[in-house]
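> I'd like to ask you about the structure that follows.
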Amino acid sequence: MSGKTPVEPMDPSKKNSPVTGPIEEESTVMLDGSKNICHWNGQEYPEGTVLCSEGAIFECSFGKWVKQKEGC
């Protein structure tokens, strides 16, 4: 994963997408018809965006932030 965008920690007073993960190697992915945009502190990020916050990596996947196993 390259191009990690550093961001401030999530501010609960602003719009944020749910966080999930880390995802194990064998997992089931559920798809829905929603837009694939994630929010972090009120800002929109497209599908596939990778953020770094407080030493953790989050990737936008199907409208949710997936926390990765490795840190930034």
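Identifiers in the structure tokens: chain A, B, ... in order shown; residue index from 1 per chain; ligand index from 1 in order shown.
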Leaving out Asn16 of chain A and any residue of its chain fewer than 4 positions from it, which residues lie within 6 Å of it when counting only C-alpha atoms, given as a PyMOL selection string?

chain A and resi 39-41

> Please provide as a PyMOL selection string all residues within 7 Å of Val7 of chain A, with the sequence filter that same-chain residues fewer than 3 positions apart are discarded (counting only C-alpha atoms).

chain A and resi 51-53

> Please determine, counting only C-alpha atoms, which residue among A:Gln43, A:Thr20, A:Asn36, A:Thr49 has the shortest atom-to-atom distance to Lys69 of chain A.

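Between A:Gln43, A:Thr20, A:Asn36, A:Thr49, the residue approaching Lys69 of chain A most closely is A:Thr20.
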
> Please provide as a list in words all residues within 8 Å of Ile57 of chain A, with the sequence filter that same-chain residues fewer than 6 positions apart are discarded (counting only C-alpha atoms).

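Contacts, in chain order: Lys4, Val50, Leu51, Lys67, Gln68, Lys69, Glu70, Gly71 and Cys72 of chain A.
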
> Can you tell me how far atom CA of Gly42 of chain A sits from atom CA of Lys15 of chain A, in Å to one decimal?

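Calculated distance between atom CA of Gly42 of chain A and atom CA of Lys15 of chain A is 4.5 Å.
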
> Rounded to one decimal in Å, what is the spacing between atom CA of Gly63 of chain A and atom CA of Ile37 of chain A?

5.0 Å

> Measuring atom to atom with only C-alpha atoms, identify which of A:Gly3, A:Pro18, A:Glu47, A:Pro12 is nearest to Glu59 of chain A.

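Selected residue with least distance to Glu59 of chain A: A:Glu47.
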